[in-house]
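One structure is given here, and the rest of the page talks about it.
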Number of protein chains: 2
Amino acid sequence: MGVVIPLEEPRREAGIQALSELVAADLERVNALILSRTGSDVQMIPEVANHLISSGGKRLRPLLTLAAAKLASYTGDGHVRLAASVEFMHTATLLHDDVVDESEMRRGKLAARMMWGNQASVLVGDFLLGQAFKMMVEVGSLACLDILSTAATVIAEGEVMQLAAAKNIATTEDEYLAVIRSKTAALFAAACEVGPALVQRPKPEQAACRSYGANLGIAFQLVDDALDYGGREAKLGKKVGDDLREGKITLPVIFAVRRGTPGEREFWRKTLEDGEIGDNTLEIAIDLLQRHGAIDETLARARHYGTIARDALALFPESEPKKAMLDVVDFVTSRAH
Amino acid sequence: MGVVIPLEEPRREAGIQALSELVAADLERVNALILSRTGSDVQMIPEVANHLISSGGKRLRPLLTLAAAKLASYTGDGHVRLAASVEFMHTATLLHDDVVDESEMRRGKLAARMMWGNQASVLVGDFLLGQAFKMMVEVGSLACLDILSTAATVIAEGEVMQLAAAKNIATTEDEYLAVIRSKTAALFAAACEVGPALVQRPKPEQAACRSYGANLGIAFQLVDDALDYGGREAKLGKKVGDDLREGKITLPVIFAVRRGTPGEREFWRKTLEDGEIGDNTLEIAIDLLQRHGAIDETLARARHYGTIARDALALFPESEPKKAMLDVVDFVTSRAH
């Protein structure tokens with residue numbers, strides 16, 4: 001059994017492809033920079049870093065940085081370093097997340113911490129965060145440094161919020177949204193804002209790109225949450241049910257708990273708060289989620305935020321980068337990533 | 001039993017006191033800033049951060065930042081934010097170190113990870129690192145941002161180097177020095193360089209302060225290593241023998257291994273590489289260290305680097321800040337911290 005999530009293959013592929021083609025040359029420079037900046041005389045650093053960085057991530061965040069810079073008619077080359085910084089910040093977060101969540105898999109491979117230990121994951125994450133800041137400093141824009149350093153603290157705050165809320169089935173939708181606004185959406189927002197900030201575009205344009213990124217990020221996380229209860233393992237790169245096993249409260253669960261009977265709530269409490277996971281717990285959970293339309297509702301919420309992201313770009317005239325960025329919204333709200 | 005490390009109480013107290021008095025007003029502002037910048041709506045963040053920050057650290061690194069700014073005749077107030085940044089970088093490192101080393105104690109109190117878990121220590125460390133960068137960005141000096149972001153990557157590199165060299169008794173003095181130059185001395189160097197960099201003092205003056213900080217940092221770490229085999233527990237704030245129990249290769253051990261008989265080397269191998277620790281292992285270790293003069297030799301090396309730190313400041317005319325900074329060298333090479 002499993003939840004069927006409607007996927008429109010060709011549209012989805014197109015969604016990310018237009019963007020990739022638009023900034024193909026820049027993305028190649030970003031990839032080269034990423035490779036050179038994971039270099040260190042300390043052999044373990046490139047090993048650990050590249051295990052994750054070369055493991056088939058979509059580079060969605062740096063792609064957005066490049067696209068938004070193009071949207072803002074930026075003609076310099078600072079956006080390449082900023083895009084690499086954004087990817088390093090993301091990678092550092094993943095390395096630390098895996099330690100915090102005790103995850104065994106990441107992007108369909110063993111998590112770095114399973115191969116080199118928690119210690120290396122913590123420290124190489126710190127190294128990448130340091131390199132991210134070094135690259136930003138090289139670009140020399142205090143506005144961009146402000147945007148990205150603020151994002152770094154907000155992301156960490158979101159992660160701690162999630163930790164504090166973990167295993168609490170009384171979490172509300174609002175509380176959950178506050179968590180993902182911080183831990184996921186803040187980096188998407190910053191990734192999209194630095195391009196226009198680099199060119200000192202008018203404030204409304206910078207705010208529009210920021211709003212696009214933030215709402216796209218929320219939609220992205222909500223689809224991720226839905227996929228965790230119904231995605232195809234190979235594409236998701238982690239196992240279906242990971243959130244359940246880690247006791248994570250995500251929006252589908254919040255819906256099912258709120259709409260459930262007292263007996264169902266007791267099931268969720270035992271499963272998520274006490275960690276009582278049996279052979280058929282995932283099956284029961286998915287059945288309850290379906291019965292209450294929790295996955296569909298989560299995807300509907302994702303589309304809601306996707307719509308806000310689209311509307312945020314309305315003040316820009318039609319252009320290739322704008323079209324590509326709008327396509328990303330479709331990609332995110334209908335993906336199996 | 002135990003190694004007697006000569007401590008000259010009055011001189012030591014004077015060493016740090018002159019510095020503290022010189023920058024007392026600034027230090028108060030740094031402490032207020034530290035307190036306000038650990039604030040967050042996420043309650044766990046100030047709890048974890050203040051547990052460590054308020055636990056009686058000497059604020060040696062921020063004190064050095066304030067002193068070096070005074071030495072460079074800086075009259076603005078950016079140095080206060082930079083000093084707080086330096087302390088946050090240091091605190092973030094300690095939080096992550098405790099996770100990496102699986103330490104139970106820190107500064108005579110339970111380590112944060114023992115009270116809030118490894119997860120919180122990793123994430124609150126990330127938050128403090130983010131706040132450190134935010135404060136640097138507020139100061140707006142790209143030169144200082146460059147110095148401190150470079151230090152952040154070098155520190156992480158040093159930590160990974162140490163991880164890779166852990167439990168290897170064949171580590172050479174040179175290899176060990178490379179580790180502590182990165183993991184400890186880099187932050188001392190940066191802390192001392194940002195003041196003069198803020199005023200754009202001539203390069204030789206910036207280099208002098210950097211060299212002072214780097215060599216002081218090496219001396220500091222070497223004394224720390226010696227104290228771990230003979231310091232007084234209450235003052236050290238961690239247990240004598242922690243390095244031994246964690247399998248850490250430090251300079252005293254490197255001397256004892258090199259100068260030891262094959263039988264002694266076998267003892268060190270079993271103890272540090274295999275982690276075979278019995279009731280009298282620490283006693284045996286301290287006896288071997290004494291027999292080969294390993295503690296004295298380590299302290300002599302510390303004084304050697306202390307001398308380089310002193311000489312680095314020679315190009316500055318006599319002044320109160322210079323005198324205070326020279327006193328710190330005495331404090332560090334003769335302390336029981």
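Letters A, B, ... go to the chains of the structure tokens in the order shown; residues in each chain start at 1; ligands are counted from 1 in the same order.
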
What are the nearest atom pairs, with distances in Å to one decimal, for all residues of chain A that come at most 7 Å from chain B, using only C-alpha atoms, set out by chain and rising residue number as JSON lines?
{"residue": "A:Val42", "atom": "CA", "partner": "B:Met161", "partner_atom": "CA", "distance": 6.1}
{"residue": "A:Val100", "atom": "CA", "partner": "B:Gln119", "partner_atom": "CA", "distance": 4.7}
{"residue": "A:Gln119", "atom": "CA", "partner": "B:Val100", "partner_atom": "CA", "distance": 4.7}
{"residue": "A:Ala120", "atom": "CA", "partner": "B:Val160", "partner_atom": "CA", "distance": 6.7}
{"residue": "A:Leu123", "atom": "CA", "partner": "B:Ala156", "partner_atom": "CA", "distance": 5.8}
{"residue": "A:Val124", "atom": "CA", "partner": "B:Ala156", "partner_atom": "CA", "distance": 7.0}
{"residue": "A:Asp126", "atom": "CA", "partner": "B:Ala156", "partner_atom": "CA", "distance": 5.9}
{"residue": "A:Phe127", "atom": "CA", "partner": "B:Thr153", "partner_atom": "CA", "distance": 4.9}
{"residue": "A:Gly130", "atom": "CA", "partner": "B:Thr153", "partner_atom": "CA", "distance": 4.6}
{"residue": "A:Gln131", "atom": "CA", "partner": "B:Thr153", "partner_atom": "CA", "distance": 6.0}
{"residue": "A:Phe133", "atom": "CA", "partner": "B:Ser149", "partner_atom": "CA", "distance": 5.9}
{"residue": "A:Lys134", "atom": "CA", "partner": "B:Ser149", "partner_atom": "CA", "distance": 5.3}
{"residue": "A:Val137", "atom": "CA", "partner": "B:Asp146", "partner_atom": "CA", "distance": 6.1}
{"residue": "A:Gly140", "atom": "CA", "partner": "B:Leu142", "partner_atom": "CA", "distance": 6.8}
{"residue": "A:Leu142", "atom": "CA", "partner": "B:Val137", "partner_atom": "CA", "distance": 6.6}
{"residue": "A:Leu145", "atom": "CA", "partner": "B:Val137", "partner_atom": "CA", "distance": 6.5}
{"residue": "A:Asp146", "atom": "CA", "partner": "B:Val137", "partner_atom": "CA", "distance": 6.1}
{"residue": "A:Ser149", "atom": "CA", "partner": "B:Lys134", "partner_atom": "CA", "distance": 5.3}
{"residue": "A:Thr150", "atom": "CA", "partner": "B:Lys134", "partner_atom": "CA", "distance": 6.2}
{"residue": "A:Ala152", "atom": "CA", "partner": "B:Gly130", "partner_atom": "CA", "distance": 5.1}
{"residue": "A:Thr153", "atom": "CA", "partner": "B:Gly130", "partner_atom": "CA", "distance": 4.6}
{"residue": "A:Ala156", "atom": "CA", "partner": "B:Phe127", "partner_atom": "CA", "distance": 5.0}
{"residue": "A:Glu157", "atom": "CA", "partner": "B:Phe127", "partner_atom": "CA", "distance": 6.5}
{"residue": "A:Glu159", "atom": "CA", "partner": "B:Leu123", "partner_atom": "CA", "distance": 6.8}
{"residue": "A:Val160", "atom": "CA", "partner": "B:Leu123", "partner_atom": "CA", "distance": 6.3}
{"residue": "A:Met161", "atom": "CA", "partner": "B:Val42", "partner_atom": "CA", "distance": 6.1}

Subject >> Test item: residues at most 8 Å from range 272-283 of chain B, only C-alpha atoms, excluding those fewer than 3 positions along its chain, as a list in words >> reply: Met1, Gly2, Lys167, Asn168, Ile169, Gly241, Leu244, Arg245, Glu246, Gly247, Lys248, Ile249, Trp268, Arg269, Ile286 and Asp287 of chain B

Original post:
Per DSSP on the backbone, what are the helix (DSSP H, G or I) residues of range 74-268 of chain B, as a PyMOL selection string?
Top reply: chain B and resi 78-101+112-139+142-165+173-198+203-227+233-236+242-245+251-259+262-268

**OP:** Measuring atom to atom with only C-alpha atoms, identify which of A:Lys239, A:His292, A:Arg301, A:Arg81 is nearest to Leu177 in chain A.
**Re:** A:Arg301

Please list as a PDB file with C-alpha atoms, in the first residue's frame every residue within 10 Å of Glu297 in chain B, counting only C-alpha atoms and excluding residues in the same chain fewer than 5 positions away.
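Heads up, here's the output in selection.pdb:
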ATOM      1  CA  ALA B 226      50.807  20.016  30.693  1.00  0.00           C
ATOM      2  CA  LEU B 251      53.028  17.169  23.490  1.00  0.00           C
ATOM      3  CA  PRO B 252      53.883  15.643  26.905  1.00  0.00           C
ATOM      4  CA  PHE B 255      57.988  13.436  24.373  1.00  0.00           C
ATOM      5  CA  LEU B 289      56.090  11.702  31.937  1.00  0.00           C
ATOM      6  CA  GLN B 290      58.119  12.782  34.969  1.00  0.00           C
ATOM      7  CA  HIS B 292      61.437  11.733  30.876  1.00  0.00           C
ATOM      8  CA  ALA B 302      55.443  27.033  26.008  1.00  0.00           C
ATOM      9  CA  ARG B 303      57.934  29.623  27.287  1.00  0.00           C
TER      10      ARG B 303
END

Subject >> Selection near Asp77 in chain B, 10 Å with only C-alpha atoms, sequence-local residues under 6 positions removed, as a PyMOL selection string >> reply: chain B and resi 26+29+69+139

Prev. selection, N, CA and C atoms, output as a PDB file, in the first residue's frame:
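Produced file out_10.pdb, reproduced below:
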ATOM      1  N   ASP B  26      34.992  48.556  28.478  1.00  0.00           N
ATOM      2  CA  ASP B  26      34.678  47.845  27.232  1.00  0.00           C
ATOM      3  C   ASP B  26      34.213  46.423  27.509  1.00  0.00           C
ATOM      4  N   ARG B  29      30.686  46.169  28.356  1.00  0.00           N
ATOM      5  CA  ARG B  29      29.831  46.260  27.163  1.00  0.00           C
ATOM      6  C   ARG B  29      29.829  44.938  26.392  1.00  0.00           C
ATOM      7  N   ALA B  69      43.013  46.483  20.244  1.00  0.00           N
ATOM      8  CA  ALA B  69      42.360  47.666  19.657  1.00  0.00           C
ATOM      9  C   ALA B  69      42.890  48.931  20.334  1.00  0.00           C
ATOM     10  N   VAL B 139      29.669  45.409  12.151  1.00  0.00           N
ATOM     11  CA  VAL B 139      30.834  46.288  12.257  1.00  0.00           C
ATOM     12  C   VAL B 139      31.221  46.814  10.874  1.00  0.00           C
TER      13      VAL B 139
END

Subject >> Counting only C-alpha atoms, the option among A:Thr184, A:Ser73, A:Ser319, A:Thr91 closest to His51 in chain A >> reply: A:Thr91

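Taking only C-alpha atoms into account, Val257 in chain A lies nearest to A:Glu173 out of the set A:Glu173, A:Asp311, A:Glu104, A:Asp228.
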
Original post:
What's the 10 Å shell around His79 in chain A, counting only C-alpha atoms, without same-chain residues fewer than 3 positions away, as a VMD selection string?
Top reply: chain A and resid 26 30 62 65 to 70 74 to 76 82 to 85 136 139 191 194 to 196 198

Would you mind exporting the chosen residues as a PDB file, in the first residue's frame, restricted to C-alpha atoms?
ATOM      1  CA  ASP A  26      27.274  29.790 -14.314  1.00  0.00           C
ATOM      2  CA  VAL A  30      29.623  27.062  -9.221  1.00  0.00           C
ATOM      3  CA  PRO A  62      22.355  27.770  -5.880  1.00  0.00           C
ATOM      4  CA  THR A  65      20.651  32.320  -6.617  1.00  0.00           C
ATOM      5  CA  LEU A  66      21.896  32.289 -10.200  1.00  0.00           C
ATOM      6  CA  ALA A  67      18.392  32.731 -11.646  1.00  0.00           C
ATOM      7  CA  ALA A  68      17.480  35.608  -9.321  1.00  0.00           C
ATOM      8  CA  ALA A  69      20.768  37.350 -10.161  1.00  0.00           C
ATOM      9  CA  LYS A  70      19.837  37.061 -13.843  1.00  0.00           C
ATOM     10  CA  TYR A  74      23.326  41.325 -12.622  1.00  0.00           C
ATOM     11  CA  THR A  75      26.361  41.201 -14.884  1.00  0.00           C
ATOM     12  CA  GLY A  76      29.300  40.652 -12.494  1.00  0.00           C
ATOM     13  CA  LEU A  82      27.282  33.469  -3.406  1.00  0.00           C
ATOM     14  CA  ALA A  83      25.612  30.452  -5.023  1.00  0.00           C
ATOM     15  CA  ALA A  84      28.465  28.228  -3.844  1.00  0.00           C
ATOM     16  CA  SER A  85      28.172  29.773  -0.354  1.00  0.00           C
ATOM     17  CA  MET A 136      30.793  35.780   0.837  1.00  0.00           C
ATOM     18  CA  VAL A 139      32.328  39.036  -2.901  1.00  0.00           C
ATOM     19  CA  ALA A 191      19.369  32.421  -1.822  1.00  0.00           C
ATOM     20  CA  VAL A 194      21.257  38.011  -2.634  1.00  0.00           C
ATOM     21  CA  GLY A 195      21.162  38.375  -6.442  1.00  0.00           C
ATOM     22  CA  PRO A 196      19.013  41.527  -6.456  1.00  0.00           C
ATOM     23  CA  LEU A 198      24.143  42.480  -5.197  1.00  0.00           C
TER      24      LEU A 198
END

**OP:** May I have the residues within 7 Å of Ala189 in chain B as a PyMOL selection string, using only C-alpha atoms and disregarding those fewer than 2 positions away in the same chain?
**Re:** chain B and resi 185-187+191-193+210-211+213-214

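Among the candidates B:Phe188, B:Trp116, B:Phe88, B:Phe220, the one nearest to His304 in chain B when counting only C-alpha atoms is B:Phe220.
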